[in-house]
>>> print(open('entry37.cif').read())   # mmCIF, C-alpha atoms and all ligand atoms
data_data
#
loop_
_atom_site.group_PDB
_atom_site.id
_atom_site.type_symbol
_atom_site.label_atom_id
_atom_site.label_comp_id
_atom_site.auth_asym_id
_atom_site.auth_seq_id
_atom_site.Cartn_x
_atom_site.Cartn_y
_atom_site.Cartn_z
ATOM 1 C CA MET A 8 5.544 -12.440 10.448
ATOM 2 C CA LYS A 9 9.271 -13.201 10.317
ATOM 3 C CA LEU A 10 10.397 -10.991 7.424
ATOM 4 C CA GLN A 11 13.560 -13.075 7.189
ATOM 5 C CA ASN A 12 14.231 -15.530 4.352
ATOM 6 C CA ASP A 13 10.823 -14.609 2.955
ATOM 7 C CA THR A 14 9.916 -13.896 -0.665
ATOM 8 C CA VAL A 15 8.006 -10.625 -0.648
ATOM 9 C CA LEU A 16 6.160 -8.914 -3.496
ATOM 10 C CA ILE A 17 5.718 -5.169 -2.900
ATOM 11 C CA THR A 18 3.508 -3.461 -5.469
ATOM 12 C CA GLY A 19 4.738 0.053 -6.183
ATOM 13 C CA GLY A 20 8.132 -0.637 -4.601
ATOM 14 C CA SER A 21 9.947 1.835 -6.857
ATOM 15 C CA SER A 22 9.238 4.884 -4.686
ATOM 16 C CA GLY A 23 8.481 6.155 -1.185
ATOM 17 C CA ILE A 24 7.231 3.695 1.442
ATOM 18 C CA GLY A 25 7.480 0.610 -0.819
ATOM 19 C CA LEU A 26 11.066 1.438 -1.802
ATOM 20 C CA GLU A 27 12.149 1.984 1.811
ATOM 21 C CA PHE A 28 10.391 -1.195 2.994
ATOM 22 C CA GLY A 29 11.966 -3.189 0.155
ATOM 23 C CA LYS A 30 15.419 -1.835 0.989
ATOM 24 C CA VAL A 31 15.112 -2.906 4.650
ATOM 25 C CA LEU A 32 13.773 -6.350 3.652
ATOM 26 C CA LEU A 33 16.750 -6.882 1.310
ATOM 27 C CA GLN A 34 19.127 -5.999 4.162
ATOM 28 C CA CYS A 35 17.416 -8.680 6.309
ATOM 29 C CA GLY A 36 18.041 -11.415 3.727
ATOM 30 C CA ASN A 37 14.651 -11.563 2.006
ATOM 31 C CA LYS A 38 13.985 -11.938 -1.710
ATOM 32 C CA VAL A 39 12.156 -8.748 -2.770
ATOM 33 C CA ILE A 40 10.074 -8.342 -5.927
ATOM 34 C CA ILE A 41 8.799 -4.866 -6.826
ATOM 35 C CA CYS A 42 6.639 -3.515 -9.631
ATOM 36 C CA GLY A 43 5.502 -0.179 -11.028
ATOM 37 C CA ARG A 44 4.426 1.536 -14.243
ATOM 38 C CA SER A 45 7.687 3.401 -14.854
ATOM 39 C CA ALA A 46 10.628 1.301 -16.100
ATOM 40 C CA GLU A 47 12.968 4.226 -15.309
ATOM 41 C CA LYS A 48 11.924 4.352 -11.649
ATOM 42 C CA LEU A 49 12.374 0.570 -11.351
ATOM 43 C CA GLU A 50 15.816 0.754 -12.999
ATOM 44 C CA GLU A 51 16.870 3.482 -10.590
ATOM 45 C CA ALA A 52 15.621 1.420 -7.614
ATOM 46 C CA LYS A 53 17.614 -1.567 -8.898
ATOM 47 C CA ARG A 54 20.709 0.583 -9.433
ATOM 48 C CA LEU A 55 20.500 1.686 -5.782
ATOM 49 C CA HIS A 56 19.562 -1.790 -4.502
ATOM 50 C CA PRO A 57 20.738 -4.453 -6.977
ATOM 51 C CA GLY A 58 18.924 -7.249 -5.088
ATOM 52 C CA PHE A 59 15.503 -6.098 -6.274
ATOM 53 C CA ILE A 60 13.650 -8.248 -8.825
ATOM 54 C CA THR A 61 11.629 -5.809 -10.930
ATOM 55 C CA TYR A 62 8.568 -6.031 -13.167
ATOM 56 C CA VAL A 63 7.025 -3.241 -15.215
ATOM 57 C CA CYS A 64 3.253 -3.447 -14.804
ATOM 58 C CA ASP A 65 0.307 -1.079 -14.725
ATOM 59 C CA LEU A 66 -1.849 -2.760 -12.112
ATOM 60 C CA SER A 67 -4.854 -0.587 -12.973
ATOM 61 C CA ASP A 68 -5.069 -2.410 -16.313
ATOM 62 C CA SER A 69 -6.930 -5.653 -15.596
ATOM 63 C CA SER A 70 -5.143 -7.735 -18.267
ATOM 64 C CA GLN A 71 -1.675 -6.490 -17.208
ATOM 65 C CA CYS A 72 -2.559 -7.211 -13.581
ATOM 66 C CA LEU A 73 -3.698 -10.765 -14.432
ATOM 67 C CA ASP A 74 -0.592 -11.424 -16.599
ATOM 68 C CA PHE A 75 1.575 -10.153 -13.771
ATOM 69 C CA ALA A 76 -0.036 -12.537 -11.263
ATOM 70 C CA ILE A 77 0.506 -15.439 -13.692
ATOM 71 C CA LYS A 78 4.186 -14.490 -14.160
ATOM 72 C CA ILE A 79 4.708 -14.222 -10.405
ATOM 73 C CA THR A 80 3.121 -17.644 -9.833
ATOM 74 C CA LYS A 81 5.338 -19.192 -12.520
ATOM 75 C CA ASN A 82 8.611 -17.396 -11.724
ATOM 76 C CA HIS A 83 8.377 -17.220 -7.925
ATOM 77 C CA PRO A 84 6.500 -20.279 -6.636
ATOM 78 C CA GLU A 85 8.026 -19.653 -3.189
ATOM 79 C CA LEU A 86 6.267 -16.255 -2.789
ATOM 80 C CA ASN A 87 4.896 -16.037 0.740
ATOM 81 C CA VAL A 88 4.213 -12.326 1.377
ATOM 82 C CA LEU A 89 2.122 -9.986 -0.794
ATOM 83 C CA VAL A 90 2.218 -6.278 0.093
ATOM 84 C CA ASN A 91 -0.431 -4.199 -1.695
ATOM 85 C CA ASN A 92 1.211 -0.794 -1.523
ATOM 86 C CA ALA A 93 0.802 0.830 -4.982
ATOM 87 C CA ALA A 94 -1.765 3.628 -5.043
ATOM 88 C CA ILE A 95 -2.551 6.983 -6.604
ATOM 89 C CA VAL A 96 -4.359 10.120 -5.459
ATOM 90 C CA HIS A 97 -5.967 13.100 -7.174
ATOM 91 C CA ARG A 98 -6.258 16.451 -5.439
ATOM 92 C CA THR A 99 -9.260 18.071 -7.055
ATOM 93 C CA THR A 100 -12.573 19.880 -6.621
ATOM 94 C CA PHE A 101 -15.146 17.263 -7.489
ATOM 95 C CA ALA A 102 -17.949 19.480 -8.841
ATOM 96 C CA ASP A 103 -15.740 21.739 -10.987
ATOM 97 C CA ASP A 104 -13.416 19.144 -12.501
ATOM 98 C CA PRO A 105 -14.650 17.824 -15.883
ATOM 99 C CA GLU A 106 -12.358 14.794 -15.406
ATOM 100 C CA SER A 107 -13.683 13.905 -11.948
ATOM 101 C CA ILE A 108 -15.229 10.602 -13.010
ATOM 102 C CA ASP A 109 -12.126 9.481 -14.962
ATOM 103 C CA LYS A 110 -10.049 10.238 -11.869
ATOM 104 C CA LEU A 111 -12.451 8.276 -9.663
ATOM 105 C CA VAL A 112 -12.259 5.261 -12.004
ATOM 106 C CA ALA A 113 -8.439 5.407 -12.127
ATOM 107 C CA GLU A 114 -8.244 5.500 -8.330
ATOM 108 C CA LEU A 115 -10.739 2.671 -7.904
ATOM 109 C CA GLN A 116 -8.827 0.516 -10.393
ATOM 110 C CA THR A 117 -5.436 1.197 -8.797
ATOM 111 C CA ASN A 118 -6.278 1.456 -5.099
ATOM 112 C CA LEU A 119 -9.084 -1.105 -4.740
ATOM 113 C CA ILE A 120 -9.621 -3.411 -7.714
ATOM 114 C CA ALA A 121 -5.920 -4.150 -8.371
ATOM 115 C CA PRO A 122 -5.112 -5.264 -4.802
ATOM 116 C CA VAL A 123 -8.301 -7.328 -4.601
ATOM 117 C CA ARG A 124 -7.550 -8.926 -7.996
ATOM 118 C CA LEU A 125 -3.951 -9.715 -7.018
ATOM 119 C CA ILE A 126 -5.100 -11.241 -3.741
ATOM 120 C CA HIS A 127 -7.666 -13.382 -5.579
ATOM 121 C CA GLN A 128 -5.063 -14.581 -8.088
ATOM 122 C CA LEU A 129 -2.306 -15.229 -5.532
ATOM 123 C CA ILE A 130 -4.243 -16.882 -2.672
ATOM 124 C CA PRO A 131 -3.736 -20.393 -4.144
ATOM 125 C CA LEU A 132 0.044 -19.825 -4.273
ATOM 126 C CA LEU A 133 0.295 -18.118 -0.873
ATOM 127 C CA GLY A 134 -1.803 -20.870 0.708
ATOM 128 C CA LYS A 135 0.817 -23.466 -0.278
ATOM 129 C CA ASN A 136 3.765 -21.639 1.282
ATOM 130 C CA ARG A 137 4.878 -21.343 4.895
ATOM 131 C CA ASN A 138 4.470 -18.074 6.827
ATOM 132 C CA ALA A 139 2.109 -16.696 4.201
ATOM 133 C CA ALA A 140 0.794 -13.161 4.627
ATOM 134 C CA ILE A 141 -1.134 -10.449 2.835
ATOM 135 C CA VAL A 142 -0.390 -6.867 3.878
ATOM 136 C CA ASN A 143 -2.655 -4.086 2.652
ATOM 137 C CA ILE A 144 -1.408 -0.517 2.924
ATOM 138 C CA THR A 145 -4.031 2.093 3.797
ATOM 139 C CA THR A 146 -4.157 5.363 5.717
ATOM 140 C CA GLY A 147 -5.576 6.993 8.853
ATOM 141 C CA LEU A 148 -7.976 8.668 6.393
ATOM 142 C CA VAL A 149 -10.014 5.437 6.324
ATOM 143 C CA TYR A 150 -11.486 6.780 9.590
ATOM 144 C CA VAL A 151 -11.824 10.484 8.703
ATOM 145 C CA PRO A 152 -11.818 11.801 5.105
ATOM 146 C CA ARG A 153 -9.711 14.727 3.911
ATOM 147 C CA ALA A 154 -11.701 16.950 1.539
ATOM 148 C CA LEU A 155 -8.653 17.600 -0.632
ATOM 149 C CA TYR A 156 -8.818 13.984 -1.884
ATOM 150 C CA PRO A 157 -12.477 13.380 -2.846
ATOM 151 C CA PHE A 158 -11.967 9.781 -4.067
ATOM 152 C CA TYR A 159 -8.804 8.546 -2.351
ATOM 153 C CA ASN A 160 -10.355 8.413 1.151
ATOM 154 C CA ALA A 161 -13.245 6.355 -0.208
ATOM 155 C CA THR A 162 -11.026 3.891 -2.127
ATOM 156 C CA LYS A 163 -8.882 3.271 0.962
ATOM 157 C CA ALA A 164 -11.935 3.009 3.258
ATOM 158 C CA ALA A 165 -13.233 0.323 0.866
ATOM 159 C CA LEU A 166 -9.888 -1.512 0.985
ATOM 160 C CA HIS A 167 -9.988 -1.287 4.800
ATOM 161 C CA SER A 168 -13.465 -2.830 4.887
ATOM 162 C CA PHE A 169 -12.462 -5.542 2.397
ATOM 163 C CA THR A 170 -9.349 -6.339 4.472
ATOM 164 C CA GLN A 171 -11.485 -6.894 7.567
ATOM 165 C CA VAL A 172 -13.729 -9.284 5.621
ATOM 166 C CA LEU A 173 -10.743 -11.071 4.062
ATOM 167 C CA ARG A 174 -9.279 -11.678 7.528
ATOM 168 C CA LEU A 175 -12.558 -13.266 8.641
ATOM 169 C CA GLN A 176 -12.972 -15.339 5.462
ATOM 170 C CA LEU A 177 -9.361 -16.620 5.513
ATOM 171 C CA LYS A 178 -9.542 -17.578 9.213
ATOM 172 C CA GLU A 179 -9.245 -21.274 8.369
ATOM 173 C CA LYS A 180 -6.430 -20.785 5.840
ATOM 174 C CA PRO A 181 -2.777 -20.441 6.831
ATOM 175 C CA ILE A 182 -2.567 -16.875 5.499
ATOM 176 C CA GLN A 183 -2.191 -13.952 7.862
ATOM 177 C CA VAL A 184 -3.975 -10.725 6.840
ATOM 178 C CA SER A 185 -2.570 -7.392 8.045
ATOM 179 C CA GLU A 186 -3.352 -3.775 7.342
ATOM 180 C CA VAL A 187 -1.009 -0.848 7.880
ATOM 181 C CA MET A 188 -2.583 2.613 8.244
ATOM 182 C CA PHE A 189 -0.045 5.365 7.677
ATOM 183 C CA PRO A 190 -0.203 9.013 8.712
ATOM 184 C CA ALA A 191 1.227 11.644 6.323
ATOM 185 C CA VAL A 192 4.690 10.371 5.313
ATOM 186 C CA ASP A 193 7.315 12.441 3.506
ATOM 187 C CA THR A 194 7.533 10.674 0.114
ATOM 188 C CA PRO A 195 7.247 11.688 -3.572
ATOM 189 C CA TRP A 196 3.491 11.142 -3.092
ATOM 190 C CA HIS A 197 3.301 14.790 -1.935
ATOM 191 C CA GLN A 198 5.064 16.107 -5.061
ATOM 192 C CA GLY A 199 7.657 18.063 -3.096
ATOM 193 C CA ASN A 200 5.064 19.704 -0.849
ATOM 194 C CA PRO A 201 4.475 17.357 2.117
ATOM 195 C CA PRO A 202 2.133 18.475 4.924
ATOM 196 C CA LYS A 203 3.935 19.916 7.968
ATOM 197 C CA ILE A 204 3.023 16.853 10.046
ATOM 198 C CA ALA A 205 4.578 14.365 7.545
ATOM 199 C CA VAL A 206 6.982 11.911 9.201
ATOM 200 C CA PRO A 207 10.239 10.658 7.628
ATOM 201 C CA VAL A 208 9.744 7.519 5.565
ATOM 202 C CA SER A 209 12.405 5.561 7.478
ATOM 203 C CA LYS A 210 10.590 6.226 10.778
ATOM 204 C CA ALA A 211 7.215 5.175 9.336
ATOM 205 C CA VAL A 212 8.639 1.969 7.842
ATOM 206 C CA THR A 213 10.469 1.050 11.086
ATOM 207 C CA GLU A 214 7.163 1.283 12.974
ATOM 208 C CA MET A 215 5.355 -0.757 10.313
ATOM 209 C CA ILE A 216 7.981 -3.524 10.508
ATOM 210 C CA ARG A 217 7.743 -3.588 14.308
ATOM 211 C CA GLY A 218 3.972 -4.093 14.079
ATOM 212 C CA LEU A 219 4.249 -6.765 11.367
ATOM 213 C CA LYS A 220 6.819 -8.718 13.393
ATOM 214 C CA GLN A 221 4.427 -8.610 16.368
ATOM 215 C CA ASP A 222 1.710 -10.121 14.115
ATOM 216 C CA LYS A 223 -0.657 -7.196 14.724
ATOM 217 C CA PRO A 224 -3.655 -7.433 12.381
ATOM 218 C CA GLU A 225 -4.060 -3.636 12.209
ATOM 219 C CA ILE A 226 -1.013 -1.417 12.545
ATOM 220 C CA ARG A 227 -1.734 2.284 12.987
ATOM 221 C CA VAL A 228 1.535 4.109 12.460
ATOM 222 C CA GLY A 229 2.300 7.360 14.369
ATOM 223 C CA GLY A 230 -0.508 9.931 14.068
ATOM 224 C CA ALA A 231 -2.887 7.356 12.559
ATOM 225 C CA LYS A 232 -3.252 5.927 16.100
ATOM 226 C CA MET A 233 -4.432 9.238 17.533
ATOM 227 C CA LEU A 234 -6.690 9.922 14.548
ATOM 228 C CA TYR A 235 -8.369 6.536 15.074
ATOM 229 C CA LEU A 236 -9.013 7.261 18.765
ATOM 230 C CA ILE A 237 -10.301 10.819 18.201
ATOM 231 C CA SER A 238 -12.537 9.633 15.347
ATOM 232 C CA ARG A 239 -14.159 7.168 17.770
ATOM 233 C CA ILE A 240 -14.623 9.624 20.634
ATOM 234 C CA ALA A 241 -15.334 12.882 18.767
ATOM 235 C CA PRO A 242 -15.899 12.242 15.028
ATOM 236 C CA GLY A 243 -16.937 15.834 14.244
ATOM 237 C CA PHE A 244 -13.809 17.227 15.875
ATOM 238 C CA ALA A 245 -11.620 14.698 14.028
ATOM 239 C CA LEU A 246 -13.158 15.750 10.695
ATOM 240 C CA LYS A 247 -12.472 19.424 11.449
ATOM 241 C CA LYS A 248 -8.885 18.704 12.552
ATOM 242 C CA VAL A 249 -7.988 16.605 9.491
ATOM 243 C CA ASN A 250 -9.342 19.278 7.180
ATOM 244 C CA ALA A 251 -7.560 22.123 8.961
ATOM 245 C CA LEU A 252 -4.111 20.560 8.411
ATOM 246 C CA GLU A 253 -1.635 22.458 6.265
HETATM 247 N N1 LIG B 1 2.886 9.267 1.681
HETATM 248 C C1 LIG B 1 1.870 9.408 2.488
HETATM 249 O O1 LIG B 1 1.665 10.481 3.119
HETATM 250 C C2 LIG B 1 0.923 8.261 2.723
HETATM 251 C C3 LIG B 1 0.036 8.349 3.801
HETATM 252 C C4 LIG B 1 -0.851 7.312 4.044
HETATM 253 C C5 LIG B 1 -0.846 6.194 3.226
HETATM 254 N N2 LIG B 1 0.034 6.134 2.175
HETATM 255 C C6 LIG B 1 -0.028 4.951 1.322
HETATM 256 O O2 LIG B 1 1.252 4.381 1.184
HETATM 257 C C7 LIG B 1 1.371 3.731 -0.090
HETATM 258 C C8 LIG B 1 2.645 4.177 -0.781
HETATM 259 O O3 LIG B 1 2.629 5.587 -0.905
HETATM 260 P P1 LIG B 1 3.964 6.426 -1.142
HETATM 261 O O4 LIG B 1 3.857 7.626 -0.291
HETATM 262 O O5 LIG B 1 5.149 5.561 -1.059
HETATM 263 O O6 LIG B 1 3.692 6.905 -2.663
HETATM 264 P P2 LIG B 1 4.681 7.034 -3.930
HETATM 265 O O7 LIG B 1 6.042 7.472 -3.485
HETATM 266 O O8 LIG B 1 3.930 7.903 -4.894
HETATM 267 O O9 LIG B 1 4.777 5.562 -4.499
HETATM 268 C C9 LIG B 1 3.693 4.961 -5.154
HETATM 269 C C10 LIG B 1 4.189 3.711 -5.856
HETATM 270 O O10 LIG B 1 3.074 3.075 -6.497
HETATM 271 C C11 LIG B 1 3.403 2.816 -7.862
HETATM 272 N N3 LIG B 1 2.161 2.811 -8.659
HETATM 273 C C12 LIG B 1 1.221 3.777 -8.744
HETATM 274 N N4 LIG B 1 0.258 3.408 -9.610
HETATM 275 C C13 LIG B 1 0.588 2.170 -10.067
HETATM 276 C C14 LIG B 1 -0.007 1.277 -10.985
HETATM 277 N N5 LIG B 1 -1.144 1.569 -11.642
HETATM 278 N N6 LIG B 1 0.605 0.099 -11.229
HETATM 279 C C15 LIG B 1 1.768 -0.221 -10.600
HETATM 280 N N7 LIG B 1 2.368 0.585 -9.709
HETATM 281 C C16 LIG B 1 1.795 1.786 -9.460
HETATM 282 C C17 LIG B 1 4.375 3.957 -8.220
HETATM 283 O O11 LIG B 1 5.201 3.637 -9.341
HETATM 284 P P3 LIG B 1 4.837 4.181 -10.842
HETATM 285 O O12 LIG B 1 4.460 5.630 -10.681
HETATM 286 O O13 LIG B 1 6.060 3.948 -11.641
HETATM 287 O O14 LIG B 1 3.698 3.344 -11.270
HETATM 288 C C18 LIG B 1 5.212 4.002 -6.946
HETATM 289 O O15 LIG B 1 6.186 2.998 -6.949
HETATM 290 C C19 LIG B 1 0.086 4.066 -0.846
HETATM 291 O O16 LIG B 1 -0.798 2.968 -0.746
HETATM 292 C C20 LIG B 1 -0.480 5.265 -0.102
HETATM 293 O O17 LIG B 1 -1.882 5.314 -0.190
HETATM 294 C C21 LIG B 1 0.912 7.130 1.904
#
>>> encode(input="entry37.cif", output="structure tokens", more="lines below")
Ligand SMILES: NC(=O)c1ccc[n+]([C@@H]2O[C@H](COP(=O)([O-])OP(=O)(O)OC[C@H]3O[C@@H](n4cnc5c(N)ncnc54)[C@H](OP(=O)(O)O)[C@@H]3O)[C@@H](O)[C@H]2O)c1
Amino acid sequence: MKLQNDTVLITGGSSGIGLEFGKVLLQCGNKVIICGRSAEKLEEAKRLHPGFITYVCDLSDSSQCLDFAIKITKNHPELNVLVNNAAIVHRTTFADDPESIDKLVAELQTNLIAPVRLIHQLIPLLGKNRNAAIVNITTGLVYVPRALYPFYNATKAALHSFTQVLRLQLKEKPIQVSEVMFPAVDTPWHQGNPPKIAVPVSKAVTEMIRGLKQDKPEIRVGGAKMLYLISRIAPGFALKKVNALE
């Protein structure tokens, strides 16, 4: 992946990892399109980085997601990189929460169905452009679940599995498929209370970009590397460790 003179769509680029990645891509001369539900957050991102092209869109709503893909195809026919970054998480106790199932559905729609739908809609466009790539953002928790997030681990594990299949099925097409697994990163995701092991967002994004430029299909950033290895060698220990983190 060159990440120079590319046209990159980053879903959820108005905050955290997506915002930092978009900022660096702008500095390297790329065209960067971002989207999110909150117009205010997008306006603030554009105020800080005027190069951003912004779209308000709730990707968890199937008709908004489809309309968005149509608009992108029409307005940006040169799009060559799709980064599925937008996601949500609920911290809850499954059995005691009367809204558990609504939360599960919201996470599935945002974290799994929306990226898969966008990929399906945008493959014809990406396939026509040079240096085409799909980048799916997941987490080290695809290997070992954290009990605090009863649904999130499962939605990202599903996206991980789908990404592996997509890579196999697109083997004959000129579209590269990459996945980036992050460890805990200090972003608004943690609502002002990041875990002690969270790494700065700039550090995490620098490592992601290094991996993407080396065309690695699976990029395990920082602690996600170690978690992967431990989960293979001693899965029970990995499960205990992940759930003992503060
Ligand atoms: N931070 C971590 O510790 C960590 C660790 C591992 C993996 N990750 C992954 O990294 C990615 C980015 O996380 P982050 O830490 O940067 O989180 P963040 O700061 O909360 O940013 C999430 C972004 O997604 C957007 N978004 C959420 N729901 C959306 C929807 N339905 N439609 C459109 N946009 C939506 C948000 O904008 P609006 O709210 O305006 O919609 C925001 O721009 C996620 O995929 C997450 O799973 C994060």
>>> resolve_selection(input="entry37.cif", expression="the PyMOL selection byres (((not hetatm)) within 7 of (chain B and resi 1))", output="ChimeraX atom specification")
/A:18-25,42-46,48,64-67,92-95,117,144-147,188-197,205
>>> resolve_selection(input="entry37.cif", expression="the PyMOL selection byres (((chain A and resi 134) around 10) and not hetatm)", output="PyMOL selection string")
chain A and resi 86-87+129-133+135-140+177+180-183
>>> closest_atom_pairs(input="entry37.cif", of="stretch 166-247 of chain A", to="stretch 30-41 of chain A", cutoff="10 Å", atoms="only C-alpha atoms", output="JSON lines")
{"residue": "A:Ser209", "atom": "CA", "partner": "A:Val31", "partner_atom": "CA", "distance": 9.3}
{"residue": "A:Val212", "atom": "CA", "partner": "A:Val31", "partner_atom": "CA", "distance": 8.7}
{"residue": "A:Thr213", "atom": "CA", "partner": "A:Val31", "partner_atom": "CA", "distance": 8.9}
{"residue": "A:Ile216", "atom": "CA", "partner": "A:Val31", "partner_atom": "CA", "distance": 9.2}
>>> resolve_selection(input="entry37.cif", expression="the PyMOL selection byres (((chain A and resi 148) around 12) and not hetatm)", output="number ranges by chain")
A: 144-147, 149-167, 187-191, 227, 230-235, 238, 245-246, 248-250
>>> residues_near_point(input="entry37.cif", point="(-9.1, -1.8, -11.9)", cutoff="7 Å", atoms="all atoms listed in the file", output="ChimeraX atom specification")
/A:67-69,115-117,120-121
>>> residues_around(input="entry37.cif", residues="A:Lys78", least_positions_apart="4", cutoff="12 Å", atoms="only C-alpha atoms", output="mmCIF file with C-alpha atoms, in the coordinates of the input")
data_model
loop_
_atom_site.group_PDB
_atom_site.id
_atom_site.type_symbol
_atom_site.label_atom_id
_atom_site.label_comp_id
_atom_site.auth_asym_id
_atom_site.auth_seq_id
_atom_site.Cartn_x
_atom_site.Cartn_y
_atom_site.Cartn_z
ATOM 1 C CA ILE A 40 10.074 -8.342 -5.927
ATOM 2 C CA THR A 61 11.629 -5.809 -10.930
ATOM 3 C CA TYR A 62 8.568 -6.031 -13.167
ATOM 4 C CA VAL A 63 7.025 -3.241 -15.215
ATOM 5 C CA CYS A 64 3.253 -3.447 -14.804
ATOM 6 C CA GLN A 71 -1.675 -6.490 -17.208
ATOM 7 C CA CYS A 72 -2.559 -7.211 -13.581
ATOM 8 C CA LEU A 73 -3.698 -10.765 -14.432
ATOM 9 C CA ASP A 74 -0.592 -11.424 -16.599
ATOM 10 C CA ASN A 82 8.611 -17.396 -11.724
ATOM 11 C CA HIS A 83 8.377 -17.220 -7.925
ATOM 12 C CA PRO A 84 6.500 -20.279 -6.636
ATOM 13 C CA LEU A 86 6.267 -16.255 -2.789
ATOM 14 C CA LEU A 125 -3.951 -9.715 -7.018
ATOM 15 C CA GLN A 128 -5.063 -14.581 -8.088
ATOM 16 C CA LEU A 129 -2.306 -15.229 -5.532
ATOM 17 C CA LEU A 132 0.044 -19.825 -4.273
#
>>> residues_around(input="entry37.cif", residues="A:Ile226", least_positions_apart="6", cutoff="8 Å", atoms="only C-alpha atoms", output="CSV table (one decimal) with C-alpha atoms, keeping the file's coordinate frame")
chain,number,residue,atom,x,y,z
A,185,SER,CA,-2.6,-7.4,8.0
A,186,GLU,CA,-3.4,-3.8,7.3
A,187,VAL,CA,-1.0,-0.8,7.9
A,188,MET,CA,-2.6,2.6,8.2
A,215,MET,CA,5.4,-0.8,10.3
A,218,GLY,CA,4.0,-4.1,14.1
A,219,LEU,CA,4.2,-6.8,11.4
>>> closest_residue(input="entry37.cif", among="A:His97, A:Ile17, A:Glu47, A:Lys9", to="A:Ile60", atoms="all atoms listed in the file")
A:Ile17
>>> closest_residue(input="entry37.cif", among="A:Val88, A:Lys178, A:His127, A:Arg54", to="A:Gln11", atoms="only C-alpha atoms")
A:Val88
>>> atom_distance(input="entry37.cif", atom1="atom CA of A:Glu214", atom2="atom CA of A:Arg124")
27.6 Å
>>> axis_aligned_box(input="entry37.cif", around="stretch 10-24 of chain A", padding_each_side="6 Å", output="JSON")
{"center_x": 8.9, "center_y": -4.7, "center_z": 0.3, "size_x": 22.7, "size_y": 33.7, "size_z": 26.3}
>>> closest_residue(input="entry37.cif", among="A:Ile79, A:Val172, A:Val96, A:Val90", to="A:Gly29", atoms="all atoms listed in the file")
A:Val90
